[in-house]
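Coordinates as given in final24.csv (CSV, C-alpha atoms):
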chain,number,residue,atom,x,y,z
A,149,MET,CA,114.1,-251.4,72.2
A,150,THR,CA,112.7,-249.6,69.2
A,151,LYS,CA,114.2,-250.0,65.7
A,152,LYS,CA,115.6,-246.5,65.9
A,153,GLU,CA,117.3,-247.3,69.2
A,154,THR,CA,118.7,-250.6,67.7
A,155,ILE,CA,120.1,-248.7,64.7
A,156,GLU,CA,121.7,-246.1,67.0
A,157,GLN,CA,123.4,-248.9,69.0
A,158,ILE,CA,124.6,-250.7,65.8
A,159,LEU,CA,126.1,-247.4,64.5
A,160,LEU,CA,127.7,-246.6,67.9
A,161,LEU,CA,129.3,-250.1,68.1
A,162,LEU,CA,130.5,-250.0,64.6
A,163,ARG,CA,132.2,-246.6,65.2
A,164,GLU,CA,133.7,-247.8,68.5
A,165,HIS,CA,135.3,-250.8,66.8
A,166,TYR,CA,136.2,-249.4,63.4
A,167,GLY,CA,136.1,-245.6,63.8
A,168,PRO,CA,135.8,-243.5,60.7
A,169,THR,CA,137.3,-245.7,58.0
A,170,LYS,CA,138.8,-244.8,54.6
A,171,CYS,CA,138.1,-246.1,51.2
A,172,TYR,CA,139.9,-249.5,50.6
A,173,LEU,CA,140.8,-248.6,47.0
A,174,ASP,CA,144.1,-246.8,46.6
A,175,HIS,CA,143.8,-243.5,44.6
A,176,GLU,CA,145.2,-240.0,44.5
A,177,ASN,CA,142.5,-238.2,42.5
A,178,PRO,CA,138.8,-238.7,41.5
A,179,TRP,CA,139.5,-240.3,38.1
A,180,GLN,CA,141.8,-242.9,39.7
A,181,LEU,CA,139.1,-243.7,42.2
A,182,LEU,CA,136.6,-244.0,39.3
A,183,VAL,CA,138.8,-246.4,37.3
A,184,ALA,CA,139.6,-248.5,40.4
A,185,THR,CA,135.9,-248.8,41.3
A,186,ILE,CA,135.1,-250.0,37.8
A,187,LEU,CA,137.8,-252.6,38.1
A,188,SER,CA,136.5,-253.7,41.5
A,189,ALA,CA,133.4,-255.3,40.1
A,190,GLN,CA,133.5,-259.0,41.0
A,191,CYS,CA,137.1,-258.5,42.2
A,192,THR,CA,138.7,-257.9,45.6
A,193,ASP,CA,140.0,-254.5,46.5
A,194,ASP,CA,143.4,-256.0,47.3
A,195,ARG,CA,143.7,-257.4,43.8
A,196,VAL,CA,142.6,-254.0,42.3
A,197,ASN,CA,145.2,-252.2,44.3
A,198,ILE,CA,147.9,-254.5,43.1
A,199,VAL,CA,146.8,-253.9,39.5
A,200,THR,CA,146.4,-250.1,39.8
A,201,LYS,CA,149.8,-249.7,41.4
A,202,ASP,CA,151.4,-250.3,37.9
A,203,LEU,CA,148.3,-249.2,35.9
A,204,PHE,CA,148.4,-245.6,37.2
A,205,GLN,CA,152.1,-245.4,36.4
A,206,LYS,CA,151.4,-246.4,32.8
A,207,TYR,CA,148.3,-244.4,32.3
A,208,LYS,CA,148.9,-241.1,34.0
A,209,SER,CA,145.7,-239.2,33.0
A,210,VAL,CA,142.2,-239.4,31.8
A,211,GLN,CA,143.5,-238.8,28.3
A,212,ASP,CA,145.9,-241.7,28.5
A,213,PHE,CA,143.0,-244.0,29.3
A,214,ALA,CA,140.8,-242.5,26.6
A,215,GLU,CA,143.5,-243.1,24.0
A,216,ALA,CA,144.5,-246.6,25.3
A,217,ASP,CA,144.6,-249.6,23.0
A,218,LEU,CA,141.8,-251.9,24.0
A,219,LYS,CA,143.8,-255.2,23.7
A,220,GLU,CA,146.7,-253.7,25.6
A,221,LEU,CA,144.5,-252.4,28.4
A,222,GLU,CA,142.8,-255.8,28.6
A,223,LYS,CA,146.2,-257.4,29.3
A,224,ASP,CA,147.0,-254.7,31.9
A,225,ILE,CA,143.8,-255.4,33.9
A,226,HIS,CA,143.4,-259.1,33.0
A,227,SER,CA,143.7,-260.4,36.6
A,228,THR,CA,140.7,-258.3,37.8
A,229,GLY,CA,138.3,-260.5,35.7
A,230,PHE,CA,135.7,-259.5,33.1
A,231,TYR,CA,138.6,-257.6,31.6
A,232,HIS,CA,137.1,-257.1,28.1
A,233,ASN,CA,134.0,-255.2,29.4
A,234,LYS,CA,136.0,-253.4,32.0
A,235,ALA,CA,138.7,-252.2,29.4
A,236,LYS,CA,136.0,-251.2,26.9
A,237,ASN,CA,134.1,-249.3,29.6
A,238,ILE,CA,137.1,-247.5,31.0
A,239,ILE,CA,138.1,-246.2,27.6
A,240,ALA,CA,134.6,-245.1,26.8
A,241,CYS,CA,134.1,-243.6,30.2
A,242,CYS,CA,137.3,-241.5,29.9
A,243,GLN,CA,136.5,-240.5,26.4
A,244,LYS,CA,133.2,-239.1,27.6
A,245,LEU,CA,134.9,-237.4,30.6
A,246,LEU,CA,137.0,-235.5,28.0
A,247,THR,CA,134.3,-234.6,25.5
A,248,GLU,CA,131.5,-233.7,28.0
A,249,HIS,CA,133.2,-232.9,31.3
A,250,ASN,CA,136.6,-231.3,30.3
A,251,GLY,CA,138.4,-234.3,31.7
A,252,GLN,CA,136.9,-233.8,35.1
A,253,VAL,CA,135.0,-236.4,37.1
A,254,PRO,CA,131.5,-235.0,37.9
A,255,SER,CA,130.0,-235.2,41.4
A,256,ASP,CA,126.4,-235.3,40.1
A,257,LEU,CA,124.8,-238.8,40.4
A,258,GLU,CA,123.0,-238.6,37.0
A,259,ALA,CA,126.2,-237.4,35.2
A,260,LEU,CA,128.2,-240.2,36.8
A,261,THR,CA,125.8,-242.9,36.0
A,262,SER,CA,125.7,-241.8,32.4
A,263,LEU,CA,129.3,-242.8,32.0
A,264,ALA,CA,130.2,-246.3,30.6
A,265,GLY,CA,130.6,-248.9,33.4
A,266,VAL,CA,129.3,-246.6,36.1
A,267,GLY,CA,126.2,-247.7,38.1
A,268,ARG,CA,124.8,-246.3,41.3
A,269,LYS,CA,127.4,-248.2,43.4
A,270,THR,CA,130.4,-246.8,41.5
A,271,ALA,CA,128.9,-243.3,41.4
A,272,ASN,CA,128.3,-243.4,45.2
A,273,VAL,CA,131.8,-244.6,45.9
A,274,VAL,CA,133.2,-241.5,44.1
A,275,ARG,CA,130.6,-239.1,45.5
A,276,GLY,CA,131.1,-240.2,49.1
A,277,ASN,CA,134.9,-240.9,49.2
A,278,TRP,CA,136.1,-238.1,47.0
A,279,TYR,CA,133.5,-235.4,47.1
A,280,GLY,CA,132.3,-236.1,50.7
A,281,ILE,CA,128.6,-236.2,49.5
A,282,PRO,CA,126.6,-238.4,51.8
A,283,SER,CA,126.0,-241.6,49.8
A,284,ILE,CA,125.3,-245.2,50.6
A,285,VAL,CA,127.3,-247.8,48.7
A,286,VAL,CA,125.8,-251.3,48.5
A,287,ASP,CA,128.4,-253.9,47.8
A,288,THR,CA,128.3,-257.6,48.7
A,289,HIS,CA,129.2,-257.0,52.4
A,290,VAL,CA,126.7,-254.2,52.9
A,291,LYS,CA,124.0,-256.2,51.2
A,292,ARG,CA,124.6,-259.3,53.3
A,293,LEU,CA,125.1,-257.6,56.6
A,294,SER,CA,122.1,-255.2,56.1
A,295,ASN,CA,119.9,-258.3,55.7
A,296,LEU,CA,121.4,-260.2,58.6
A,297,LEU,CA,120.9,-257.1,60.9
A,298,GLY,CA,117.3,-256.7,59.8
A,299,LEU,CA,117.9,-253.3,58.2
A,300,THR,CA,116.4,-254.5,54.9
A,301,LYS,CA,114.6,-257.5,53.5
A,302,ASN,CA,115.5,-256.6,49.9
A,303,GLN,CA,118.2,-258.3,47.8
A,304,ASP,CA,118.3,-255.7,45.0
A,305,PRO,CA,121.2,-253.2,45.7
A,306,VAL,CA,119.2,-250.1,44.7
A,307,LYS,CA,116.3,-251.1,46.9
A,308,ILE,CA,118.7,-251.7,49.8
A,309,GLU,CA,120.3,-248.4,49.2
A,310,PHE,CA,117.0,-246.6,49.5
A,311,ASP,CA,116.0,-248.7,52.6
A,312,LEU,CA,119.2,-247.7,54.3
A,313,MET,CA,118.8,-244.1,53.4
A,314,LYS,CA,115.4,-244.0,55.2
A,315,ILE,CA,116.7,-245.4,58.5
A,316,ILE,CA,120.4,-244.4,58.7
A,317,PRO,CA,121.1,-240.7,59.7
A,318,LYS,CA,122.6,-238.9,56.6
A,319,ASP,CA,125.8,-238.0,58.4
A,320,LYS,CA,126.6,-241.7,58.9
A,321,TRP,CA,126.0,-242.8,55.3
A,322,ILE,CA,129.7,-242.6,54.2
A,323,ASP,CA,131.1,-244.2,57.4
A,324,ILE,CA,128.6,-247.1,57.5
A,325,ASN,CA,129.8,-248.3,54.1
A,326,THR,CA,133.4,-248.9,55.1
A,327,GLN,CA,132.5,-250.0,58.6
A,328,LEU,CA,130.2,-252.8,57.4
A,329,ILE,CA,132.9,-253.8,54.9
A,330,ALA,CA,135.4,-253.9,57.7
A,331,HIS,CA,133.0,-256.0,59.8
A,332,GLY,CA,132.3,-258.3,56.9
A,333,ARG,CA,136.0,-258.9,56.4
A,334,LYS,CA,137.0,-259.4,60.0
A,335,ILE,CA,134.1,-261.0,61.8
A,336,CYS,CA,130.9,-261.5,59.7
A,337,ILE,CA,132.8,-263.5,57.0
A,338,ALA,CA,130.4,-264.9,54.4
A,339,ARG,CA,131.1,-268.6,54.6
A,340,ARG,CA,132.3,-268.7,58.2
A,341,PRO,CA,130.8,-265.9,60.3
A,342,LYS,CA,132.3,-265.6,63.8
A,343,CYS,CA,129.0,-265.0,65.5
A,344,ASN,CA,130.4,-266.0,68.9
A,345,GLU,CA,132.9,-263.1,68.6
A,346,CYS,CA,130.5,-260.6,67.1
A,347,PHE,CA,129.7,-257.4,69.1
A,348,LEU,CA,126.6,-257.0,67.1
A,349,LEU,CA,125.0,-260.4,67.8
A,350,THR,CA,122.5,-258.9,70.3
A,351,TYR,CA,121.0,-256.9,67.4
A,352,CYS,CA,121.6,-259.3,64.6
A,353,THR,CA,118.5,-261.4,63.9
A,354,GLY,CA,120.2,-263.3,61.1
A,355,GLY,CA,123.2,-264.2,63.3
A,356,GLN,CA,120.9,-265.3,66.1
A,357,LYS,CA,119.1,-267.7,63.7
A,358,LEU,CA,122.5,-269.0,62.6
A,359,GLN,CA,123.5,-269.7,66.2
A,360,LYS,CA,120.2,-271.5,66.9
A,361,GLY,CA,120.7,-273.6,63.8
A,362,LYS,CA,123.9,-274.9,65.2
Same coordinates, now as structure tokens:
Amino acid sequence: MTKKETIEQILLLLREHYGPTKCYLDHENPWQLLVATILSAQCTDDRVNIVTKDLFQKYKSVQDFAEADLKELEKDIHSTGFYHNKAKNIIACCQKLLTEHNGQVPSDLEALTSLAGVGRKTANVVRGNWYGIPSIVVDTHVKRLSNLLGLTKNQDPVKIEFDLMKIIPKDKWIDINTQLIAHGRKICIARRPKCNECFLLTYCTGGQKLQKGK
């Protein structure tokens, strides 16, 4: 089986088991998604959703965040970790949205990554999940599973992103992000992967090595 055929099978199986999946971060508009994604760094989506449930009731607009008191916002997001930098970045990010983008979240990658606290991963979450622009998001699940499946040999998220862009059909970019996350949560769990239950084991060189090691 060629690499292209292997990838086609992996994509087919992921779709069969998880279908088109939605973003795991709760949001109602692009700026909420942007803030939630900034908060999600080194934090679980579930925890972020707990925090933003009250946060978005308190701060109801980009302007509210832009005018927020730093210490107060730090307390509001404390449980997401790295709260000082996150609070500082959210305020600066929203201030720039007001001054340079009329309070709107841009869809352009360069414009997004020029905002405080926004790297390629965060920008691609917004571009793919809100604007529907084909984008590959490399989080910890995507990074780990891409290596196990032999889709990349890189560890740097940006290099992994470009590796995947070369071999994954563009119309599958958005879905594969959330499908791999779903698989990483349900079966390919980092510290205790359920390789014997995995429908991708046939195509997973990393999983096969783990099985042999046992």
Find the residues near Gly354 of chain A: any atom within 8 Å, counting all atoms listed in the file, skip ones fewer than 2 places away on the same chain, and give them as a ChimeraX atom specification.
/A:295-298,352,356-358
May I have the residues within 12 Å of Ile198 of chain A as a PyMOL selection string, using all atoms listed in the file and disregarding those fewer than 2 positions away in the same chain?
chain A and resi 173-175+184+187-188+191-196+200-204+224-228
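Going from atom CA of Gly361 of chain A to atom CA of Ile155 of chain A covers 24.9 Å.
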Which residues come within 9 Å of Asp311 of chain A, counting only C-alpha atoms, excluding same-chain residues fewer than 4 positions away, as a list in words?
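Counting only C-alpha atoms, the residues come to Leu299, Thr300, Lys301, Asn302, Val306, Lys307, Ile315 and Ile316 of chain A.
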I'd like the neighbourhood of Lys342 of chain A as a JSON list (two decimals) with C-alpha atoms, in the coordinates of the input, where a residue qualifies if any of its atoms comes within 12 Å (using all atoms listed in the file), though same-chain residues fewer than 6 positions away should be ignored.
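Done, and the output landed in part.json:
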[["chain", "number", "residue", "atom", "x", "y", "z"],
["A", 331, "HIS", "CA", 133.00, -256.00, 59.80],
["A", 332, "GLY", "CA", 132.30, -258.30, 56.90],
["A", 333, "ARG", "CA", 136.00, -258.90, 56.40],
["A", 334, "LYS", "CA", 137.00, -259.40, 60.00],
["A", 335, "ILE", "CA", 134.10, -261.00, 61.80],
["A", 336, "CYS", "CA", 130.90, -261.50, 59.70],
["A", 348, "LEU", "CA", 126.60, -257.00, 67.10],
["A", 349, "LEU", "CA", 125.00, -260.40, 67.80],
["A", 355, "GLY", "CA", 123.20, -264.20, 63.30],
["A", 356, "GLN", "CA", 120.90, -265.30, 66.10],
["A", 358, "LEU", "CA", 122.50, -269.00, 62.60],
["A", 359, "GLN", "CA", 123.50, -269.70, 66.20]]
Under the rule that all atoms listed in the file are counted, which of A:Asn344, A:Gln211, A:Asn325, A:Thr247 is the nearest residue to Tyr172 of chain A?
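Once distances to Tyr172 of chain A are computed over all atoms listed in the file, the minimum belongs to A:Asn325.
Closest approach to Lys152 of chain A from the set A:Ala240, A:Pro317, A:Glu258, A:Lys170 is made by A:Pro317, with distances taken over all atoms listed in the file.
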Given all atoms listed in the file as the basis, pick out the residue of A:Cys241, A:Val290, A:Leu328, A:Leu160 nearest to Lys269 of chain A.
A:Val290
Take segment 304-321 of chain A, bring it up to N, CA, C and O atoms, and give me the output as a JSON list (two decimals), in the coordinates of the input.
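Listed below is the output, part.json:
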[["chain", "number", "residue", "atom", "x", "y", "z"],
["A", 304, "ASP", "N", 117.86, -256.57, 46.09],
["A", 304, "ASP", "CA", 118.30, -255.70, 45.00],
["A", 304, "ASP", "C", 119.07, -254.50, 45.62],
["A", 304, "ASP", "O", 118.58, -253.81, 46.52],
["A", 305, "PRO", "N", 120.31, -254.26, 45.15],
["A", 305, "PRO", "CA", 121.20, -253.20, 45.70],
["A", 305, "PRO", "C", 120.53, -251.83, 45.76],
["A", 305, "PRO", "O", 120.71, -251.09, 46.73],
["A", 306, "VAL", "N", 119.81, -251.48, 44.71],
["A", 306, "VAL", "CA", 119.20, -250.10, 44.70],
["A", 306, "VAL", "C", 118.10, -250.02, 45.74],
["A", 306, "VAL", "O", 118.01, -249.01, 46.44],
["A", 307, "LYS", "N", 117.31, -251.07, 45.89],
["A", 307, "LYS", "CA", 116.30, -251.10, 46.90],
["A", 307, "LYS", "C", 116.88, -251.02, 48.31],
["A", 307, "LYS", "O", 116.37, -250.34, 49.22],
["A", 308, "ILE", "N", 117.98, -251.76, 48.50],
["A", 308, "ILE", "CA", 118.70, -251.70, 49.80],
["A", 308, "ILE", "C", 119.21, -250.34, 50.07],
["A", 308, "ILE", "O", 119.09, -249.83, 51.19],
["A", 309, "GLU", "N", 119.78, -249.72, 49.06],
["A", 309, "GLU", "CA", 120.30, -248.40, 49.20],
["A", 309, "GLU", "C", 119.21, -247.42, 49.73],
["A", 309, "GLU", "O", 119.42, -246.66, 50.68],
["A", 310, "PHE", "N", 118.05, -247.48, 49.12],
["A", 310, "PHE", "CA", 117.00, -246.60, 49.50],
["A", 310, "PHE", "C", 116.40, -246.97, 50.90],
["A", 310, "PHE", "O", 116.01, -246.08, 51.69],
["A", 311, "ASP", "N", 116.39, -248.27, 51.22],
["A", 311, "ASP", "CA", 116.00, -248.70, 52.60],
["A", 311, "ASP", "C", 116.88, -248.10, 53.62],
["A", 311, "ASP", "O", 116.43, -247.59, 54.65],
["A", 312, "LEU", "N", 118.19, -248.19, 53.38],
["A", 312, "LEU", "CA", 119.20, -247.70, 54.30],
["A", 312, "LEU", "C", 119.12, -246.18, 54.45],
["A", 312, "LEU", "O", 119.30, -245.61, 55.53],
["A", 313, "MET", "N", 118.87, -245.51, 53.35],
["A", 313, "MET", "CA", 118.80, -244.10, 53.40],
["A", 313, "MET", "C", 117.64, -243.57, 54.26],
["A", 313, "MET", "O", 117.72, -242.49, 54.86],
["A", 314, "LYS", "N", 116.60, -244.38, 54.35],
["A", 314, "LYS", "CA", 115.40, -244.00, 55.20],
["A", 314, "LYS", "C", 115.71, -244.12, 56.66],
["A", 314, "LYS", "O", 115.14, -243.39, 57.48],
["A", 315, "ILE", "N", 116.58, -245.05, 57.06],
["A", 315, "ILE", "CA", 116.70, -245.40, 58.50],
["A", 315, "ILE", "C", 118.09, -244.97, 59.09],
["A", 315, "ILE", "O", 118.23, -244.91, 60.30],
["A", 316, "ILE", "N", 119.08, -244.74, 58.23],
["A", 316, "ILE", "CA", 120.40, -244.40, 58.70],
["A", 316, "ILE", "C", 120.54, -242.83, 58.64],
["A", 316, "ILE", "O", 120.27, -242.25, 57.58],
["A", 317, "PRO", "N", 120.94, -242.17, 59.72],
["A", 317, "PRO", "CA", 121.10, -240.70, 59.70],
["A", 317, "PRO", "C", 122.12, -240.35, 58.54],
["A", 317, "PRO", "O", 123.12, -241.03, 58.33],
["A", 318, "LYS", "N", 121.82, -239.28, 57.83],
["A", 318, "LYS", "CA", 122.60, -238.90, 56.60],
["A", 318, "LYS", "C", 124.07, -238.71, 56.94],
["A", 318, "LYS", "O", 124.93, -239.03, 56.11],
["A", 319, "ASP", "N", 124.39, -238.20, 58.12],
["A", 319, "ASP", "CA", 125.80, -238.00, 58.40],
["A", 319, "ASP", "C", 126.59, -239.23, 58.72],
["A", 319, "ASP", "O", 127.80, -239.19, 58.93],
["A", 320, "LYS", "N", 125.89, -240.38, 58.71],
["A", 320, "LYS", "CA", 126.60, -241.70, 58.90],
["A", 320, "LYS", "C", 126.67, -242.49, 57.66],
["A", 320, "LYS", "O", 127.22, -243.59, 57.67],
["A", 321, "TRP", "N", 126.10, -242.00, 56.56],
["A", 321, "TRP", "CA", 126.00, -242.80, 55.30],
["A", 321, "TRP", "C", 127.42, -243.19, 54.82],
["A", 321, "TRP", "O", 127.61, -244.34, 54.43]]
